[in-house]
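Worksheet: the structure to be examined is printed underneath.
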Amino acid sequence: MVTRSAQDQGQDQDQLFAALANATRREVLRLLRDQGPQPVQVLADHFAMRRPSLSEHLKVLRDAGLVSEERRGRQRIYRLEAAPLAEVQDWLHPYERFWREKLKGLGDLLDRMPDDEA
């Protein structure tokens with residue numbers, strides 16, 4: 001069994017977060033999530049950019065493992081690969097717990113405060 005070093009895993013996470021940092025790439029992921037697999041041209045029709053620019057965004061998403069590409073004749077069909085997003089969720093989970101505890105503390109404080117009489 002081949003194990004990956006923490007450094008390799010960290011680089012993968014950096015690549016994943018970098019891919020998600022761009023609004024165009026997040027919109028591509030949303031389109032693929034909501035509308036299913038699509039050819040490049042259909043995706044390109046949603047953006048005010050030339051197709052080569054969109055292809056660069058798709059390459060970043062592909063390299064991060066967030067989309068896969070299938071060739072059908074002359075078309076390239078892109079499909080969402082959501083599994084890497086579980087890594088993001090795992091990374092964010094402790095922060096969610098942190099904020100829940102803070103908000104619970106705020107709720108407890110507000111419950112102890114007397115109501116203002118108006």
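Naming scheme: A, B, ... for chains in displayed order of the structure tokens; residues 1 onward per chain; ligands 1 onward as shown.
Excluding Asp34 of chain A itself and any same-chain residue fewer than 6 positions from it, the protein and nucleic acid residues within 12 Å of it, counting only C-alpha atoms, are Glu27, Val28, Arg79 and Leu80 of chain A.
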Using only C-alpha atoms, which protein or nucleic acid residues come within 8 Å of segment 83-85 of chain A? Drop anything in the same chain fewer than 6 positions from it, and give the result as a list of chain:residue names. A:Leu16, A:Gly65, A:Leu66
Write out as a list in words which residues come within 12 Å of Leu31 of chain A when counting only C-alpha atoms, dropping same-chain ones fewer than 6 positions away. Thr24, Arg25, Pro37, Gln38, Pro39, Val40, Val42, Leu43, Ala44, Asp45, His46, Phe47, Val67, Tyr78, Arg79 and Leu80 of chain A
Export all heavy atoms of the chosen residues as a short mmCIF file (atom, residue, chain, number, x, y, z; two decimals), in the first residue's frame?
```cif
data_model
loop_
_atom_site.label_atom_id
_atom_site.label_comp_id
_atom_site.auth_asym_id
_atom_site.auth_seq_id
_atom_site.Cartn_x
_atom_site.Cartn_y
_atom_site.Cartn_z
N THR A 24 -15.35 32.29 -11.14
CA THR A 24 -15.72 31.61 -12.40
C THR A 24 -15.71 30.11 -12.21
O THR A 24 -16.63 29.41 -12.63
CB THR A 24 -14.76 32.02 -13.53
OG1 THR A 24 -14.88 33.43 -13.75
CG2 THR A 24 -15.07 31.28 -14.81
N ARG A 25 -14.69 29.61 -11.53
CA ARG A 25 -14.60 28.16 -11.32
C ARG A 25 -15.72 27.67 -10.40
O ARG A 25 -16.28 26.60 -10.62
CB ARG A 25 -13.22 27.80 -10.80
CG ARG A 25 -12.13 28.05 -11.84
CD ARG A 25 -10.81 27.47 -11.47
NE ARG A 25 -10.09 28.19 -10.46
CZ ARG A 25 -9.18 29.13 -10.68
NH1 ARG A 25 -8.89 29.49 -11.93
NH2 ARG A 25 -8.56 29.72 -9.70
N PRO A 37 -23.57 16.90 -16.53
CA PRO A 37 -22.44 16.99 -17.46
C PRO A 37 -22.79 17.84 -18.68
O PRO A 37 -23.91 17.78 -19.19
CB PRO A 37 -22.21 15.53 -17.86
CG PRO A 37 -22.80 14.74 -16.74
CD PRO A 37 -23.97 15.53 -16.25
N GLN A 38 -21.79 18.62 -19.12
CA GLN A 38 -22.01 19.54 -20.23
C GLN A 38 -20.76 19.66 -21.10
O GLN A 38 -19.64 19.59 -20.59
CB GLN A 38 -22.37 20.93 -19.72
CG GLN A 38 -23.64 20.99 -18.92
CD GLN A 38 -23.94 22.38 -18.44
OE1 GLN A 38 -23.83 23.34 -19.19
NE2 GLN A 38 -24.30 22.51 -17.18
N PRO A 39 -20.97 19.90 -22.40
CA PRO A 39 -19.83 20.17 -23.27
C PRO A 39 -19.27 21.57 -22.97
O PRO A 39 -19.97 22.45 -22.45
CB PRO A 39 -20.40 20.10 -24.68
CG PRO A 39 -21.87 20.01 -24.55
CD PRO A 39 -22.23 19.81 -23.12
N VAL A 40 -18.02 21.76 -23.34
CA VAL A 40 -17.34 23.03 -23.10
C VAL A 40 -18.14 24.20 -23.67
O VAL A 40 -18.30 25.23 -23.01
CB VAL A 40 -15.93 23.02 -23.71
CG1 VAL A 40 -15.27 24.38 -23.57
CG2 VAL A 40 -15.07 21.96 -23.07
N VAL A 42 -21.32 24.65 -24.20
CA VAL A 42 -22.50 24.98 -23.40
C VAL A 42 -22.08 25.72 -22.14
O VAL A 42 -22.70 26.72 -21.75
CB VAL A 42 -23.31 23.71 -23.07
CG1 VAL A 42 -24.43 24.01 -22.08
CG2 VAL A 42 -23.86 23.09 -24.34
N LEU A 43 -21.00 25.27 -21.50
CA LEU A 43 -20.49 25.99 -20.33
C LEU A 43 -20.03 27.38 -20.72
O LEU A 43 -20.32 28.36 -20.02
CB LEU A 43 -19.33 25.21 -19.69
CG LEU A 43 -19.70 23.92 -18.97
CD1 LEU A 43 -18.44 23.12 -18.64
CD2 LEU A 43 -20.51 24.22 -17.72
N ALA A 44 -19.33 27.50 -21.84
CA ALA A 44 -18.79 28.79 -22.28
C ALA A 44 -19.89 29.80 -22.54
O ALA A 44 -19.69 31.00 -22.34
CB ALA A 44 -17.93 28.59 -23.54
N ASP A 45 -21.04 29.33 -22.96
CA ASP A 45 -22.16 30.24 -23.25
C ASP A 45 -22.63 31.00 -22.00
O ASP A 45 -23.29 32.03 -22.11
CB ASP A 45 -23.34 29.48 -23.86
CG ASP A 45 -23.05 28.98 -25.26
OD1 ASP A 45 -22.09 29.48 -25.89
OD2 ASP A 45 -23.78 28.09 -25.73
N HIS A 46 -22.28 30.53 -20.82
CA HIS A 46 -22.68 31.18 -19.57
C HIS A 46 -21.74 32.30 -19.15
O HIS A 46 -22.02 33.00 -18.18
CB HIS A 46 -22.75 30.15 -18.44
CG HIS A 46 -23.85 29.15 -18.60
ND1 HIS A 46 -25.14 29.41 -18.20
CD2 HIS A 46 -23.85 27.90 -19.12
CE1 HIS A 46 -25.90 28.35 -18.47
NE2 HIS A 46 -25.14 27.43 -19.03
N PHE A 47 -20.63 32.46 -19.85
CA PHE A 47 -19.60 33.40 -19.42
C PHE A 47 -19.25 34.38 -20.53
O PHE A 47 -19.27 34.04 -21.71
CB PHE A 47 -18.34 32.65 -18.99
CG PHE A 47 -18.58 31.69 -17.86
CD1 PHE A 47 -18.82 30.35 -18.10
CD2 PHE A 47 -18.59 32.14 -16.54
CE1 PHE A 47 -19.06 29.47 -17.06
CE2 PHE A 47 -18.83 31.27 -15.50
CZ PHE A 47 -19.07 29.92 -15.75
N VAL A 67 -13.42 18.20 -11.53
CA VAL A 67 -14.17 17.84 -12.73
C VAL A 67 -13.41 16.76 -13.47
O VAL A 67 -12.20 16.62 -13.34
CB VAL A 67 -14.43 19.05 -13.68
CG1 VAL A 67 -15.24 20.14 -13.01
CG2 VAL A 67 -13.15 19.60 -14.26
N TYR A 78 -17.74 17.78 -19.68
CA TYR A 78 -17.23 17.93 -18.30
C TYR A 78 -18.29 17.50 -17.31
O TYR A 78 -19.48 17.76 -17.49
CB TYR A 78 -16.79 19.37 -18.04
CG TYR A 78 -15.45 19.63 -18.66
CD1 TYR A 78 -15.34 20.00 -19.99
CD2 TYR A 78 -14.29 19.45 -17.93
CE1 TYR A 78 -14.09 20.20 -20.57
CE2 TYR A 78 -13.04 19.64 -18.50
CZ TYR A 78 -12.96 20.02 -19.81
OH TYR A 78 -11.72 20.20 -20.38
N ARG A 79 -17.81 16.83 -16.25
CA ARG A 79 -18.68 16.29 -15.21
C ARG A 79 -18.10 16.68 -13.86
O ARG A 79 -16.89 16.66 -13.65
CB ARG A 79 -18.70 14.76 -15.35
CG ARG A 79 -19.40 14.00 -14.26
CD ARG A 79 -19.29 12.49 -14.43
NE ARG A 79 -19.48 12.04 -15.78
CZ ARG A 79 -20.67 11.80 -16.37
NH1 ARG A 79 -21.77 11.97 -15.68
NH2 ARG A 79 -20.75 11.39 -17.60
N LEU A 80 -18.99 17.03 -12.93
CA LEU A 80 -18.58 17.36 -11.57
C LEU A 80 -18.08 16.11 -10.86
O LEU A 80 -18.69 15.05 -10.94
CB LEU A 80 -19.77 17.94 -10.80
CG LEU A 80 -19.56 18.21 -9.31
CD1 LEU A 80 -18.53 19.30 -9.09
CD2 LEU A 80 -20.88 18.59 -8.66
#
```
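For the pair atom CA of Arg71 of chain A and atom CA of Pro52 of chain A, the interatomic distance is 17.0 Å.
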Run DSSP on the backbone of this structure and report the residues of chain A it assigns to helix (DSSP H, G or I), as a PyMOL selection string. chain A and resi 6-20+23-35+40-44+51-63+83-112
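Interatomic distance, atom CA of Ser53 of chain A to atom CA of Glu81 of chain A: 21.0 Å.
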note - atom CA of Leu54 of chain A and atom CA of Asp14 of chain A are separated by 21.0 Å
